[in-house]
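Participant: Dropping the structure in here first, questions after.
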Amino acid sequence: MNRFKVIAVGMGPGDPELITVKGLRAIQRARLIFVPRSQDGEQSLALRIAREWIDPERQQIVELLLPMTRNADKLMPAWQAAADQIAASMAAVDVEADTLIEGVYLLLGDPLLYGTFTYIWAALAEAHPAIAIEIVPGVTSFAASAAQGQFVLSRMSDRVAILPASYETDGEALRQLLADFDTVILMKVGPVLPQILTALEEMDLLESALYAERVGMPEEQMAHGPDLKALKNQRRPYLSLLIVKRDRTSS
Ligand SMILES: C[S@@+](CC[C@H](N)C(=O)[O-])C[C@H]1O[C@@H](n2cnc3c(N)ncnc32)[C@H](O)[C@@H]1O
């Protein structure tokens, strides 16, 4: 049997009531609470969601430094260092030799949807294969946004696409996506929101989109239909997404 286990827990998008029962139990059992730390605030938000369930007398919070960059030369060593830090923190827990030591890795939404854990998982598997891994799924940001905005994502044979807007989506790409899919979910949309909304207006689809920012958090902002026009010239934060429907009669 493995002595060490890391459980990646999807914390949902922000509302602590959207943690799963399984995730909550894993958090409460854990000796160690691992949280990614970067400059975008995501790490502290995952911890903020979990705070009320953590007992600082019994549990140790370990922050793992992860740079906010797409530069693989910086990211690879950071993931390896985070994996080493996880292994070292677990080895340092002072318990009897055959006791299982569990740590949870907290992150927003679902762990396997654009989550940092996927990289750390690979680094752990390579350098510390004796550490067992478990994944507890979470409510994704787009599922919570659709629920909050009462926006139907798909029906019957609708085709749904999920992609990161800030990487490659311009007006032309969006036009093509909306030719191929009934619903398009654009993650990481905030920094490119003006271009996306301009393109939607040109396609006469501005009023059939839902914008959600920091959904489930005290700072939540949602905009739908005519309200979206007010955001047309604004770059918004990274923790935002846009859901666009080709057929505006279906929501
Ligand atoms: C690194 S990805 C993480 C996705 C996350 N694992 C999930 O399941 O939703 C970050 C992107 O998720 C979206 N996101 C995460 N939390 C959000 C929230 N509370 N409100 C709106 N968008 C959110 C945004 O599009 C953000 O740019």
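Order determines the names: the first chain of the structure tokens is A, the second B, and so forth; residues in each chain are numbered 1 upward, and ligands are numbered 1 upward as they are shown.
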Contacts of Ile54 (chain A) at 10 Å or less, counting only C-alpha atoms, minus same-chain residues fewer than 3 places along, as a list of chain:residue names?
Facilitator: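 Near neighbours after the sequence-gap exclusion: A:Leu24, A:Ile27, A:Gln28, A:Arg29, A:Ala30, A:Ile33, A:Leu47, A:Ala50, A:Arg51, A:Glu57, A:Arg58, A:Gln59, A:Gln60, A:Ile61.
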Participant: Mind dumping the selected residues with C-alpha atoms as a PDB file, in the first residue's frame?
Facilitator:
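Result written to part04.pdb:
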ATOM      1  CA  LEU A  24     -15.090  18.284   1.520  1.00  0.00           C
ATOM      2  CA  ILE A  27     -10.144  18.316   2.737  1.00  0.00           C
ATOM      3  CA  GLN A  28     -11.181  17.555   6.300  1.00  0.00           C
ATOM      4  CA  ARG A  29      -9.101  14.328   6.418  1.00  0.00           C
ATOM      5  CA  ALA A  30      -5.957  15.836   4.906  1.00  0.00           C
ATOM      6  CA  ILE A  33      -3.330  21.416   2.093  1.00  0.00           C
ATOM      7  CA  LEU A  47      -7.878  28.514  -0.521  1.00  0.00           C
ATOM      8  CA  ALA A  50     -11.813  26.058   1.464  1.00  0.00           C
ATOM      9  CA  ARG A  51     -10.933  28.271   4.441  1.00  0.00           C
ATOM     10  CA  GLU A  57      -4.298  23.574  14.438  1.00  0.00           C
ATOM     11  CA  ARG A  58      -4.277  20.186  12.738  1.00  0.00           C
ATOM     12  CA  GLN A  59      -3.600  20.930   9.068  1.00  0.00           C
ATOM     13  CA  GLN A  60      -0.631  22.536   7.351  1.00  0.00           C
ATOM     14  CA  ILE A  61      -1.102  24.824   4.346  1.00  0.00           C
TER      15      ILE A  61
END
Participant: Collect all residues with atoms no farther than 7 Å from ligand 1, counting only C-alpha atoms and all ligand atoms, and output them as a ChimeraX atom specification.
Facilitator: /A:12-14,107-116,138-142,145,186-189,212-217,238-241
Participant: Take the residues from that selection and put them in a file with C-alpha atoms, as a tab-separated table (two decimals), in the first residue's frame.
Facilitator:
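After the write, again_3.tsv holds the following:
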chain	number	residue	atom	x	y	z
A	12	GLY	CA	-15.98	24.60	-7.89
A	13	PRO	CA	-15.94	28.19	-9.14
A	14	GLY	CA	-16.20	30.13	-5.89
A	107	LEU	CA	-7.95	24.35	-7.39
A	108	LEU	CA	-10.82	26.22	-8.96
A	109	GLY	CA	-13.51	24.41	-10.92
A	110	ASP	CA	-12.64	20.92	-12.08
A	111	PRO	CA	-9.03	19.68	-11.73
A	112	LEU	CA	-8.80	18.28	-15.25
A	113	LEU	CA	-10.19	21.29	-17.13
A	114	TYR	CA	-7.24	23.66	-17.75
A	115	GLY	CA	-6.06	22.92	-14.21
A	116	THR	CA	-2.47	23.34	-12.95
A	138	GLY	CA	-15.50	19.80	-9.32
A	139	VAL	CA	-18.30	21.98	-10.66
A	140	THR	CA	-16.78	23.74	-13.67
A	141	SER	CA	-16.90	27.51	-14.01
A	142	PHE	CA	-19.00	27.26	-17.14
A	145	SER	CA	-22.15	30.31	-14.96
A	186	LEU	CA	-14.83	30.88	-24.33
A	187	MET	CA	-12.69	30.52	-21.19
A	188	LYS	CA	-10.02	33.11	-20.18
A	189	VAL	CA	-11.98	35.70	-22.17
A	212	ALA	CA	-19.78	35.60	-16.30
A	213	GLU	CA	-16.98	37.01	-14.14
A	214	ARG	CA	-15.89	35.56	-10.77
A	215	VAL	CA	-19.08	33.58	-10.67
A	216	GLY	CA	-20.01	32.31	-7.21
A	217	MET	CA	-17.71	34.82	-5.49
A	238	TYR	CA	-8.88	36.65	-16.34
A	239	LEU	CA	-11.50	34.90	-14.19
A	240	SER	CA	-14.24	35.38	-16.72
A	241	LEU	CA	-15.91	33.47	-19.53
Participant: List as a PyMOL selection string the protein and nucleic acid residues near region 222-236 of chain A, meaning an atom at most 6 Å away when only C-alpha atoms are counted, but skip any in the same chain fewer than 3 places from it.
Facilitator: chain A and resi 190-191+193-194+197+207-208+210-212
Participant: Using C-alpha atoms, can you write the selected residues to a file as a PDB file, in the first residue's frame?
Facilitator:
ATOM      1  CA  GLY A 190     -11.449  38.856 -20.076  1.00  0.00           C
ATOM      2  CA  PRO A 191      -8.283  40.231 -21.731  1.00  0.00           C
ATOM      3  CA  LEU A 193     -13.361  40.694 -24.477  1.00  0.00           C
ATOM      4  CA  PRO A 194     -13.532  43.866 -26.662  1.00  0.00           C
ATOM      5  CA  LEU A 197     -17.867  41.358 -28.419  1.00  0.00           C
ATOM      6  CA  GLU A 207     -27.562  39.481 -27.487  1.00  0.00           C
ATOM      7  CA  SER A 208     -27.351  35.705 -27.473  1.00  0.00           C
ATOM      8  CA  LEU A 210     -23.781  35.197 -21.490  1.00  0.00           C
ATOM      9  CA  TYR A 211     -20.786  36.845 -19.771  1.00  0.00           C
ATOM     10  CA  ALA A 212     -19.780  35.604 -16.305  1.00  0.00           C
TER      11      ALA A 212
END
Participant: Show me, as a list of chain:residue names, the residues that have an atom within 7 Å of Ile185 (chain A) when counting only C-alpha atoms, minus same-chain residues fewer than 2 positions from it.
Facilitator: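 Counting only the stated atoms, we get A:Ala161, A:Ile162, A:Leu163, A:Thr183, A:Met187, A:Leu242, A:Ile243, A:Val244.
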Participant: Would you mind exporting C-alpha atoms of the selected residues as a short mmCIF file (atom, residue, chain, number, x, y, z; two decimals), in the first residue's frame?
Facilitator:
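After the write, part.cif holds the following:
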data_model
loop_
_atom_site.label_atom_id
_atom_site.label_comp_id
_atom_site.auth_asym_id
_atom_site.auth_seq_id
_atom_site.Cartn_x
_atom_site.Cartn_y
_atom_site.Cartn_z
CA ALA A 161 -17.06 23.66 -28.00
CA ILE A 162 -14.88 24.76 -25.06
CA LEU A 163 -11.70 26.72 -25.73
CA THR A 183 -22.70 26.59 -28.32
CA MET A 187 -12.69 30.52 -21.19
CA LEU A 242 -18.40 33.97 -22.30
CA ILE A 243 -20.94 31.45 -23.58
CA VAL A 244 -22.31 32.10 -27.06
#
Participant: Please provide the set of residues having any atom within 8 Å of Leu100 (chain A), restricted to only C-alpha atoms, with same-chain residues fewer than 2 positions apart removed, written as a ChimeraX atom specification.
Facilitator: /A:2-5,98,102
Participant: Save the residues we just selected, C-alpha atoms, as a JSON list (two decimals), in the first residue's frame?
Facilitator:
[["chain", "number", "residue", "atom", "x", "y", "z"],
["A", 2, "ASN", "CA", 1.20, 3.55, -0.76],
["A", 3, "ARG", "CA", 2.09, 5.63, 2.30],
["A", 4, "PHE", "CA", 1.41, 8.93, 0.62],
["A", 5, "LYS", "CA", -1.57, 10.14, -1.35],
["A", 98, "ASP", "CA", 2.60, 2.61, 8.22],
["A", 102, "GLU", "CA", -3.01, 12.40, 2.69]]
Participant: Hey, what does DSSP flag as alpha helix (DSSP H) within region 3-238 of chain A? Can you give it to me as a VMD selection string?
Facilitator: chain A and resid 21 to 29 42 to 50 72 to 91 117 to 127 141 to 149 165 to 168 171 to 180 193 to 202
Participant: Just to confirm, what's the straight-line distance from CA of Gly10 (chain A) to CA of Leu178 (chain A) in Å (one decimal)?
Facilitator: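 A separation of 29.5 Å between them.
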